[in-house]
$ cat my_file_22.txt   # compact mmCIF, N, CA and C atoms
# COMPACT_ATOMS: atom_id res chain seq x y z
N MET E 140 139.57 23.01 -56.43
CA MET E 140 139.03 21.87 -57.14
C MET E 140 139.85 20.60 -56.88
N LEU E 141 141.16 20.79 -56.73
CA LEU E 141 142.01 19.64 -56.49
C LEU E 141 141.72 19.00 -55.14
N ILE E 142 141.35 19.82 -54.15
CA ILE E 142 141.06 19.28 -52.82
C ILE E 142 139.85 18.36 -52.85
N HIS E 143 138.87 18.65 -53.70
CA HIS E 143 137.70 17.78 -53.82
C HIS E 143 138.07 16.43 -54.43
N ALA E 144 138.93 16.47 -55.43
CA ALA E 144 139.39 15.22 -56.05
C ALA E 144 140.21 14.40 -55.06
N LEU E 145 141.06 15.06 -54.29
CA LEU E 145 141.85 14.35 -53.29
C LEU E 145 140.97 13.77 -52.18
N ASN E 146 139.92 14.50 -51.80
CA ASN E 146 138.99 13.98 -50.80
C ASN E 146 138.26 12.75 -51.31
N LEU E 147 137.85 12.76 -52.56
CA LEU E 147 137.21 11.59 -53.15
C LEU E 147 138.18 10.42 -53.25
N PHE E 148 139.42 10.71 -53.60
CA PHE E 148 140.44 9.68 -53.67
C PHE E 148 140.71 9.08 -52.29
N HIS E 149 140.76 9.93 -51.28
CA HIS E 149 140.95 9.49 -49.89
C HIS E 149 139.81 8.57 -49.46
N MET E 150 138.59 8.94 -49.78
CA MET E 150 137.43 8.12 -49.44
C MET E 150 137.45 6.81 -50.22
N GLY E 151 137.85 6.84 -51.46
CA GLY E 151 137.94 5.62 -52.27
C GLY E 151 138.98 4.65 -51.74
N LEU E 152 140.14 5.19 -51.33
CA LEU E 152 141.16 4.33 -50.75
C LEU E 152 140.68 3.72 -49.43
N GLY E 153 139.92 4.48 -48.65
CA GLY E 153 139.36 3.95 -47.41
C GLY E 153 138.38 2.81 -47.67
N ILE E 154 137.57 2.95 -48.71
CA ILE E 154 136.64 1.89 -49.08
C ILE E 154 137.40 0.65 -49.53
N CYS E 155 138.45 0.83 -50.35
CA CYS E 155 139.25 -0.31 -50.80
C CYS E 155 139.93 -1.01 -49.63
N LEU E 156 140.48 -0.25 -48.69
CA LEU E 156 141.11 -0.84 -47.52
C LEU E 156 140.11 -1.64 -46.71
N LEU E 157 138.94 -1.10 -46.49
CA LEU E 157 137.91 -1.81 -45.74
C LEU E 157 137.48 -3.08 -46.46
N PHE E 158 137.29 -3.01 -47.77
CA PHE E 158 136.88 -4.19 -48.53
C PHE E 158 137.93 -5.29 -48.45
N PHE E 159 139.19 -4.94 -48.68
CA PHE E 159 140.24 -5.97 -48.67
C PHE E 159 140.49 -6.52 -47.28
N ALA E 160 140.32 -5.71 -46.25
CA ALA E 160 140.48 -6.22 -44.88
C ALA E 160 139.38 -7.21 -44.54
N ILE E 161 138.15 -6.93 -44.95
CA ILE E 161 137.06 -7.87 -44.70
C ILE E 161 137.25 -9.13 -45.54
N TYR E 162 137.72 -8.97 -46.77
CA TYR E 162 138.00 -10.13 -47.62
C TYR E 162 139.11 -11.00 -47.02
N LEU E 163 140.15 -10.37 -46.50
CA LEU E 163 141.24 -11.09 -45.86
C LEU E 163 140.75 -11.85 -44.64
N TRP E 164 139.90 -11.20 -43.85
CA TRP E 164 139.34 -11.87 -42.67
C TRP E 164 138.47 -13.06 -43.07
N SER E 165 137.71 -12.93 -44.14
CA SER E 165 136.84 -14.03 -44.56
C SER E 165 137.65 -15.23 -45.07
N ILE E 166 138.85 -14.99 -45.56
CA ILE E 166 139.70 -16.09 -46.04
C ILE E 166 140.39 -16.80 -44.88
N PHE E 167 141.04 -16.03 -43.99
CA PHE E 167 141.89 -16.63 -42.97
C PHE E 167 141.21 -16.86 -41.63
N ARG E 168 140.21 -16.06 -41.29
CA ARG E 168 139.47 -16.19 -40.03
C ARG E 168 140.39 -16.18 -38.81
N LYS E 169 141.33 -15.25 -38.78
CA LYS E 169 142.22 -15.10 -37.64
C LYS E 169 141.86 -13.81 -36.91
N PHE E 170 142.27 -13.75 -35.63
CA PHE E 170 142.01 -12.55 -34.85
C PHE E 170 142.70 -11.34 -35.45
N SER E 171 143.90 -11.53 -35.96
CA SER E 171 144.62 -10.40 -36.54
C SER E 171 143.88 -9.84 -37.76
N SER E 172 143.27 -10.70 -38.54
CA SER E 172 142.50 -10.23 -39.69
C SER E 172 141.23 -9.51 -39.25
N ALA E 173 140.63 -9.98 -38.17
CA ALA E 173 139.44 -9.31 -37.64
C ALA E 173 139.80 -7.93 -37.09
N PHE E 174 140.93 -7.83 -36.40
CA PHE E 174 141.35 -6.54 -35.90
C PHE E 174 141.76 -5.60 -37.04
N LEU E 175 142.31 -6.15 -38.11
CA LEU E 175 142.63 -5.33 -39.27
C LEU E 175 141.34 -4.78 -39.90
N ALA E 176 140.32 -5.59 -39.97
CA ALA E 176 139.04 -5.13 -40.50
C ALA E 176 138.45 -4.05 -39.60
N LEU E 177 138.55 -4.23 -38.29
CA LEU E 177 138.04 -3.23 -37.35
C LEU E 177 138.85 -1.94 -37.43
N THR E 178 140.16 -2.05 -37.59
CA THR E 178 141.01 -0.88 -37.74
C THR E 178 140.67 -0.12 -39.01
N SER E 179 140.48 -0.83 -40.10
CA SER E 179 140.14 -0.16 -41.35
C SER E 179 138.75 0.47 -41.28
N PHE E 180 137.82 -0.15 -40.53
CA PHE E 180 136.50 0.44 -40.35
C PHE E 180 136.61 1.74 -39.55
N LEU E 181 137.40 1.75 -38.49
CA LEU E 181 137.59 2.97 -37.70
C LEU E 181 138.27 4.05 -38.54
N LEU E 182 139.24 3.66 -39.36
CA LEU E 182 139.91 4.63 -40.22
C LEU E 182 138.92 5.21 -41.24
N TYR E 183 138.07 4.36 -41.80
CA TYR E 183 137.08 4.85 -42.76
C TYR E 183 136.07 5.77 -42.08
N CYS E 184 135.67 5.44 -40.85
CA CYS E 184 134.77 6.32 -40.10
C CYS E 184 135.42 7.68 -39.86
N ARG E 185 136.70 7.66 -39.55
CA ARG E 185 137.42 8.92 -39.34
C ARG E 185 137.48 9.73 -40.64
N ILE E 186 137.69 9.07 -41.76
CA ILE E 186 137.71 9.77 -43.04
C ILE E 186 136.35 10.42 -43.32
N ILE E 187 135.29 9.67 -43.11
CA ILE E 187 133.94 10.20 -43.37
C ILE E 187 133.63 11.37 -42.45
N ILE E 188 133.93 11.23 -41.16
CA ILE E 188 133.65 12.32 -40.22
C ILE E 188 134.48 13.55 -40.56
N THR E 189 135.71 13.36 -40.95
CA THR E 189 136.56 14.48 -41.34
C THR E 189 136.01 15.18 -42.58
N LEU E 190 135.55 14.41 -43.56
CA LEU E 190 134.98 15.02 -44.76
C LEU E 190 133.67 15.72 -44.47
N LEU E 191 132.83 15.14 -43.63
CA LEU E 191 131.57 15.82 -43.26
C LEU E 191 131.86 17.13 -42.52
N ASP E 192 132.88 17.13 -41.69
CA ASP E 192 133.26 18.35 -40.99
C ASP E 192 133.87 19.36 -41.95
N TYR E 193 134.68 18.90 -42.90
CA TYR E 193 135.34 19.79 -43.85
C TYR E 193 134.32 20.52 -44.72
N TYR E 194 133.30 19.80 -45.18
CA TYR E 194 132.29 20.40 -46.04
C TYR E 194 131.18 21.09 -45.27
N GLY E 195 131.24 21.07 -43.94
CA GLY E 195 130.27 21.80 -43.13
C GLY E 195 128.93 21.12 -42.98
N ILE E 196 128.84 19.85 -43.31
CA ILE E 196 127.58 19.14 -43.18
C ILE E 196 127.29 18.84 -41.71
N LEU E 197 128.29 18.35 -41.01
CA LEU E 197 128.21 18.12 -39.56
C LEU E 197 129.45 18.71 -38.92
N LYS E 198 129.28 19.41 -37.85
CA LYS E 198 130.42 19.93 -37.11
C LYS E 198 130.67 19.01 -35.92
N VAL E 199 131.28 17.87 -36.21
CA VAL E 199 131.51 16.85 -35.20
C VAL E 199 132.87 17.02 -34.54
N LEU E 200 133.87 17.29 -35.33
CA LEU E 200 135.24 17.30 -34.81
C LEU E 200 135.48 18.42 -33.80
N THR E 201 134.80 19.54 -33.99
CA THR E 201 134.99 20.66 -33.08
C THR E 201 133.86 20.78 -32.07
N ALA E 202 133.02 19.76 -31.96
CA ALA E 202 131.89 19.81 -31.03
C ALA E 202 132.35 19.75 -29.59
N VAL E 203 133.37 18.97 -29.30
CA VAL E 203 133.90 18.84 -27.95
C VAL E 203 135.34 19.33 -27.94
N ASP E 204 135.54 20.50 -27.38
CA ASP E 204 136.88 21.08 -27.30
C ASP E 204 137.28 21.21 -25.84
N LEU E 205 138.55 20.95 -25.58
CA LEU E 205 139.11 21.17 -24.26
C LEU E 205 140.35 22.03 -24.44
N PHE E 206 140.27 23.27 -24.01
CA PHE E 206 141.34 24.24 -24.21
C PHE E 206 141.68 24.38 -25.69
N LYS E 207 140.65 24.44 -26.52
CA LYS E 207 140.75 24.60 -27.98
C LYS E 207 141.44 23.41 -28.67
N VAL E 208 141.40 22.24 -28.03
CA VAL E 208 141.92 21.01 -28.63
C VAL E 208 140.72 20.14 -28.98
N PRO E 209 140.54 19.81 -30.27
CA PRO E 209 139.39 18.98 -30.66
C PRO E 209 139.56 17.53 -30.18
N LEU E 210 138.85 17.18 -29.13
CA LEU E 210 139.01 15.87 -28.51
C LEU E 210 138.52 14.73 -29.39
N ILE E 211 137.46 14.94 -30.13
CA ILE E 211 136.91 13.86 -30.96
C ILE E 211 137.89 13.51 -32.07
N ASP E 212 138.50 14.51 -32.66
CA ASP E 212 139.48 14.26 -33.72
C ASP E 212 140.65 13.44 -33.20
N TYR E 213 141.18 13.83 -32.06
CA TYR E 213 142.32 13.10 -31.49
C TYR E 213 141.90 11.73 -30.97
N ALA E 214 140.71 11.62 -30.43
CA ALA E 214 140.24 10.31 -29.94
C ALA E 214 140.11 9.32 -31.09
N LEU E 215 139.58 9.77 -32.22
CA LEU E 215 139.48 8.88 -33.38
C LEU E 215 140.85 8.47 -33.89
N GLU E 216 141.77 9.40 -33.92
CA GLU E 216 143.12 9.09 -34.38
C GLU E 216 143.81 8.11 -33.43
N PHE E 217 143.67 8.33 -32.13
CA PHE E 217 144.27 7.43 -31.15
C PHE E 217 143.66 6.04 -31.22
N LEU E 218 142.35 5.95 -31.46
CA LEU E 218 141.70 4.64 -31.59
C LEU E 218 142.24 3.88 -32.80
N VAL E 219 142.43 4.56 -33.91
CA VAL E 219 142.98 3.92 -35.10
C VAL E 219 144.38 3.40 -34.82
N ILE E 220 145.22 4.22 -34.18
CA ILE E 220 146.58 3.79 -33.87
C ILE E 220 146.58 2.64 -32.88
N LEU E 221 145.72 2.71 -31.85
CA LEU E 221 145.63 1.65 -30.86
C LEU E 221 145.21 0.33 -31.48
N PHE E 222 144.20 0.36 -32.35
CA PHE E 222 143.76 -0.87 -32.99
C PHE E 222 144.78 -1.40 -33.99
N MET E 223 145.59 -0.53 -34.58
CA MET E 223 146.66 -1.01 -35.45
C MET E 223 147.73 -1.72 -34.64
N ILE E 224 148.04 -1.20 -33.45
CA ILE E 224 148.99 -1.87 -32.57
C ILE E 224 148.45 -3.23 -32.14
N VAL E 225 147.17 -3.28 -31.79
CA VAL E 225 146.54 -4.55 -31.39
C VAL E 225 146.56 -5.53 -32.57
N THR E 226 146.34 -5.04 -33.77
CA THR E 226 146.39 -5.89 -34.96
C THR E 226 147.77 -6.51 -35.13
N ILE E 227 148.80 -5.70 -35.00
CA ILE E 227 150.16 -6.21 -35.17
C ILE E 227 150.52 -7.21 -34.07
N VAL E 228 150.13 -6.90 -32.83
CA VAL E 228 150.43 -7.81 -31.71
C VAL E 228 149.71 -9.14 -31.89
N THR E 229 148.43 -9.12 -32.29
CA THR E 229 147.70 -10.38 -32.49
C THR E 229 148.24 -11.14 -33.70
N PHE E 230 148.71 -10.43 -34.72
CA PHE E 230 149.32 -11.11 -35.86
C PHE E 230 150.59 -11.84 -35.43
N ILE E 231 151.42 -11.16 -34.64
CA ILE E 231 152.65 -11.79 -34.16
C ILE E 231 152.31 -12.99 -33.28
N ARG E 232 151.31 -12.84 -32.41
CA ARG E 232 150.92 -13.93 -31.53
C ARG E 232 150.37 -15.11 -32.33
N ASP E 233 149.56 -14.83 -33.35
CA ASP E 233 149.01 -15.91 -34.19
C ASP E 233 150.12 -16.64 -34.95
N GLU E 234 151.06 -15.88 -35.49
CA GLU E 234 152.13 -16.49 -36.27
C GLU E 234 153.12 -17.26 -35.39
N LYS E 235 153.36 -16.76 -34.21
CA LYS E 235 154.26 -17.45 -33.30
C LYS E 235 153.61 -18.73 -32.80
N GLY E 236 152.31 -18.71 -32.57
CA GLY E 236 151.60 -19.89 -32.09
C GLY E 236 151.47 -20.96 -33.13
N SER E 237 151.43 -20.57 -34.42
CA SER E 237 151.28 -21.57 -35.49
C SER E 237 152.62 -22.09 -35.97
N GLY E 238 153.71 -21.58 -35.41
CA GLY E 238 155.03 -22.04 -35.81
C GLY E 238 155.50 -21.45 -37.12
N GLY E 239 154.84 -20.34 -37.56
CA GLY E 239 155.26 -19.69 -38.80
C GLY E 239 154.84 -20.42 -40.05
N LYS E 240 153.87 -21.32 -39.95
CA LYS E 240 153.42 -22.08 -41.12
C LYS E 240 152.52 -21.27 -41.98
$ encode --input "my_file_22.txt" --output "structure tokens"
Amino acid sequence: MLIHALNLFHMGLGICLLFFAIYLWSIFRKFSSAFLALTSFLLYCRIIITLLDYYGILKVLTAVDLFKVPLIDYALEFLVILFMIVTIVTFIRDEKGSGGK
């Protein structure tokens, strides 16, 4: 029963992250904010796909295996990490270009 509550909490935190990232982007209109919104969207998609796979609604994560390694699961995780790196790099570039104002 606790796992269901934690899954709902995980999904709720993903929704909050996505909402605040889009809100942040709408305020500042910077590339780093747009990449943060895209990163949070990818993270939320990964949460939803993981939950659908966990409850057996869709078997997406294990659909493509290479030597018993779930490629879709790792691809989603790598995309989230890659977009987080791009977010940080664009934030640093934006702040350095504006003189830290």
$ select_by_dssp --input "my_file_22.txt" --residues "segment 169-226 of chain E" --states "helix (DSSP H, G or I)" --output "MDAnalysis selection string"
chainID E and resid 170:193 210:226
$ residues_around --input "my_file_22.txt" --residues "segment 210-212 of chain E" --least-positions-apart "3" --cutoff "6.5 Å" --atoms "all atoms listed in the file" --output "number ranges by chain"
E: 199-201, 203-205, 215-217
$ write_last_selection --input "my_file_22.txt" --atoms "N, CA and C atoms" --output "tab-separated table (two decimals), keeping the file's coordinate frame"
chain	number	residue	atom	x	y	z
E	199	VAL	N	131.28	17.87	-36.21
E	199	VAL	CA	131.51	16.85	-35.20
E	199	VAL	C	132.87	17.02	-34.54
E	200	LEU	N	133.87	17.29	-35.33
E	200	LEU	CA	135.24	17.30	-34.81
E	200	LEU	C	135.48	18.42	-33.80
E	201	THR	N	134.80	19.54	-33.99
E	201	THR	CA	134.99	20.66	-33.08
E	201	THR	C	133.86	20.78	-32.07
E	203	VAL	N	133.37	18.97	-29.30
E	203	VAL	CA	133.90	18.84	-27.95
E	203	VAL	C	135.34	19.33	-27.94
E	204	ASP	N	135.54	20.50	-27.38
E	204	ASP	CA	136.88	21.08	-27.30
E	204	ASP	C	137.28	21.21	-25.84
E	205	LEU	N	138.55	20.95	-25.58
E	205	LEU	CA	139.11	21.17	-24.26
E	205	LEU	C	140.35	22.03	-24.44
E	215	LEU	N	139.58	9.77	-32.22
E	215	LEU	CA	139.48	8.88	-33.38
E	215	LEU	C	140.85	8.47	-33.89
E	216	GLU	N	141.77	9.40	-33.92
E	216	GLU	CA	143.12	9.09	-34.38
E	216	GLU	C	143.81	8.11	-33.43
E	217	PHE	N	143.67	8.33	-32.13
E	217	PHE	CA	144.27	7.43	-31.15
E	217	PHE	C	143.66	6.04	-31.22
$ residues_near_point --input "my_file_22.txt" --point "(133.3, 9.5, -41.7)" --cutoff "12 Å" --atoms "only C-alpha atoms" --output "PyMOL selection string"
chain E and resi 146+149-150+153-154+179-194+196-200+212+215
$ write_last_selection --input "my_file_22.txt" --atoms "N, CA and C atoms" --output "mmCIF file, keeping the file's coordinate frame"
data_model
loop_
_atom_site.group_PDB
_atom_site.id
_atom_site.type_symbol
_atom_site.label_atom_id
_atom_site.label_comp_id
_atom_site.auth_asym_id
_atom_site.auth_seq_id
_atom_site.Cartn_x
_atom_site.Cartn_y
_atom_site.Cartn_z
ATOM 1 N N ASN E 146 139.920 14.500 -51.800
ATOM 2 C CA ASN E 146 138.990 13.980 -50.800
ATOM 3 C C ASN E 146 138.260 12.750 -51.310
ATOM 4 N N HIS E 149 140.760 9.930 -51.280
ATOM 5 C CA HIS E 149 140.950 9.490 -49.890
ATOM 6 C C HIS E 149 139.810 8.570 -49.460
ATOM 7 N N MET E 150 138.590 8.940 -49.780
ATOM 8 C CA MET E 150 137.430 8.120 -49.440
ATOM 9 C C MET E 150 137.450 6.810 -50.220
ATOM 10 N N GLY E 153 139.920 4.480 -48.650
ATOM 11 C CA GLY E 153 139.360 3.950 -47.410
ATOM 12 C C GLY E 153 138.380 2.810 -47.670
ATOM 13 N N ILE E 154 137.570 2.950 -48.710
ATOM 14 C CA ILE E 154 136.640 1.890 -49.080
ATOM 15 C C ILE E 154 137.400 0.650 -49.530
ATOM 16 N N SER E 179 140.480 -0.830 -40.100
ATOM 17 C CA SER E 179 140.140 -0.160 -41.350
ATOM 18 C C SER E 179 138.750 0.470 -41.280
ATOM 19 N N PHE E 180 137.820 -0.150 -40.530
ATOM 20 C CA PHE E 180 136.500 0.440 -40.350
ATOM 21 C C PHE E 180 136.610 1.740 -39.550
ATOM 22 N N LEU E 181 137.400 1.750 -38.490
ATOM 23 C CA LEU E 181 137.590 2.970 -37.700
ATOM 24 C C LEU E 181 138.270 4.050 -38.540
ATOM 25 N N LEU E 182 139.240 3.660 -39.360
ATOM 26 C CA LEU E 182 139.910 4.630 -40.220
ATOM 27 C C LEU E 182 138.920 5.210 -41.240
ATOM 28 N N TYR E 183 138.070 4.360 -41.800
ATOM 29 C CA TYR E 183 137.080 4.850 -42.760
ATOM 30 C C TYR E 183 136.070 5.770 -42.080
ATOM 31 N N CYS E 184 135.670 5.440 -40.850
ATOM 32 C CA CYS E 184 134.770 6.320 -40.100
ATOM 33 C C CYS E 184 135.420 7.680 -39.860
ATOM 34 N N ARG E 185 136.700 7.660 -39.550
ATOM 35 C CA ARG E 185 137.420 8.920 -39.340
ATOM 36 C C ARG E 185 137.480 9.730 -40.640
ATOM 37 N N ILE E 186 137.690 9.070 -41.760
ATOM 38 C CA ILE E 186 137.710 9.770 -43.040
ATOM 39 C C ILE E 186 136.350 10.420 -43.320
ATOM 40 N N ILE E 187 135.290 9.670 -43.110
ATOM 41 C CA ILE E 187 133.940 10.200 -43.370
ATOM 42 C C ILE E 187 133.630 11.370 -42.450
ATOM 43 N N ILE E 188 133.930 11.230 -41.160
ATOM 44 C CA ILE E 188 133.650 12.320 -40.220
ATOM 45 C C ILE E 188 134.480 13.550 -40.560
ATOM 46 N N THR E 189 135.710 13.360 -40.950
ATOM 47 C CA THR E 189 136.560 14.480 -41.340
ATOM 48 C C THR E 189 136.010 15.180 -42.580
ATOM 49 N N LEU E 190 135.550 14.410 -43.560
ATOM 50 C CA LEU E 190 134.980 15.020 -44.760
ATOM 51 C C LEU E 190 133.670 15.720 -44.470
ATOM 52 N N LEU E 191 132.830 15.140 -43.630
ATOM 53 C CA LEU E 191 131.570 15.820 -43.260
ATOM 54 C C LEU E 191 131.860 17.130 -42.520
ATOM 55 N N ASP E 192 132.880 17.130 -41.690
ATOM 56 C CA ASP E 192 133.260 18.350 -40.990
ATOM 57 C C ASP E 192 133.870 19.360 -41.950
ATOM 58 N N TYR E 193 134.680 18.900 -42.900
ATOM 59 C CA TYR E 193 135.340 19.790 -43.850
ATOM 60 C C TYR E 193 134.320 20.520 -44.720
ATOM 61 N N TYR E 194 133.300 19.800 -45.180
ATOM 62 C CA TYR E 194 132.290 20.400 -46.040
ATOM 63 C C TYR E 194 131.180 21.090 -45.270
ATOM 64 N N ILE E 196 128.840 19.850 -43.310
ATOM 65 C CA ILE E 196 127.580 19.140 -43.180
ATOM 66 C C ILE E 196 127.290 18.840 -41.710
ATOM 67 N N LEU E 197 128.290 18.350 -41.010
ATOM 68 C CA LEU E 197 128.210 18.120 -39.560
ATOM 69 C C LEU E 197 129.450 18.710 -38.920
ATOM 70 N N LYS E 198 129.280 19.410 -37.850
ATOM 71 C CA LYS E 198 130.420 19.930 -37.110
ATOM 72 C C LYS E 198 130.670 19.010 -35.920
ATOM 73 N N VAL E 199 131.280 17.870 -36.210
ATOM 74 C CA VAL E 199 131.510 16.850 -35.200
ATOM 75 C C VAL E 199 132.870 17.020 -34.540
ATOM 76 N N LEU E 200 133.870 17.290 -35.330
ATOM 77 C CA LEU E 200 135.240 17.300 -34.810
ATOM 78 C C LEU E 200 135.480 18.420 -33.800
ATOM 79 N N ASP E 212 138.500 14.510 -32.660
ATOM 80 C CA ASP E 212 139.480 14.260 -33.720
ATOM 81 C C ASP E 212 140.650 13.440 -33.200
ATOM 82 N N LEU E 215 139.580 9.770 -32.220
ATOM 83 C CA LEU E 215 139.480 8.880 -33.380
ATOM 84 C C LEU E 215 140.850 8.470 -33.890
#
$ closest_residue --input "my_file_22.txt" --among "E:Ile161, E:Met140, E:Thr178, E:Phe206" --to "Leu221 of chain E" --atoms "all atoms listed in the file"
E:Thr178
$ atom_distance --input "my_file_22.txt" --atom1 "atom C of Phe174 of chain E" --atom2 "atom CA of Thr226 of chain E"
5.1 Å
$ atom_distance --input "my_file_22.txt" --atom1 "atom CA of Asp233 of chain E" --atom2 "atom CA of Ser171 of chain E"
7.4 Å
$ atom_distance --input "my_file_22.txt" --atom1 "atom C of Phe230 of chain E" --atom2 "atom N of Leu177 of chain E"
14.5 Å
$ select_by_dssp --input "my_file_22.txt" --residues "chain E" --states "strand (DSSP E)" --output "MDAnalysis selection string"
chainID E and resid 204:205 208:209
$ axis_aligned_box --input "my_file_22.txt" --around "segment 224-228 of chain E" --padding-each-side "4 Å" --output "JSON"
{"center_x": 148.4, "center_y": -5.2, "center_z": -33.3, "size_x": 12.2, "size_y": 15.9, "size_z": 11.8}
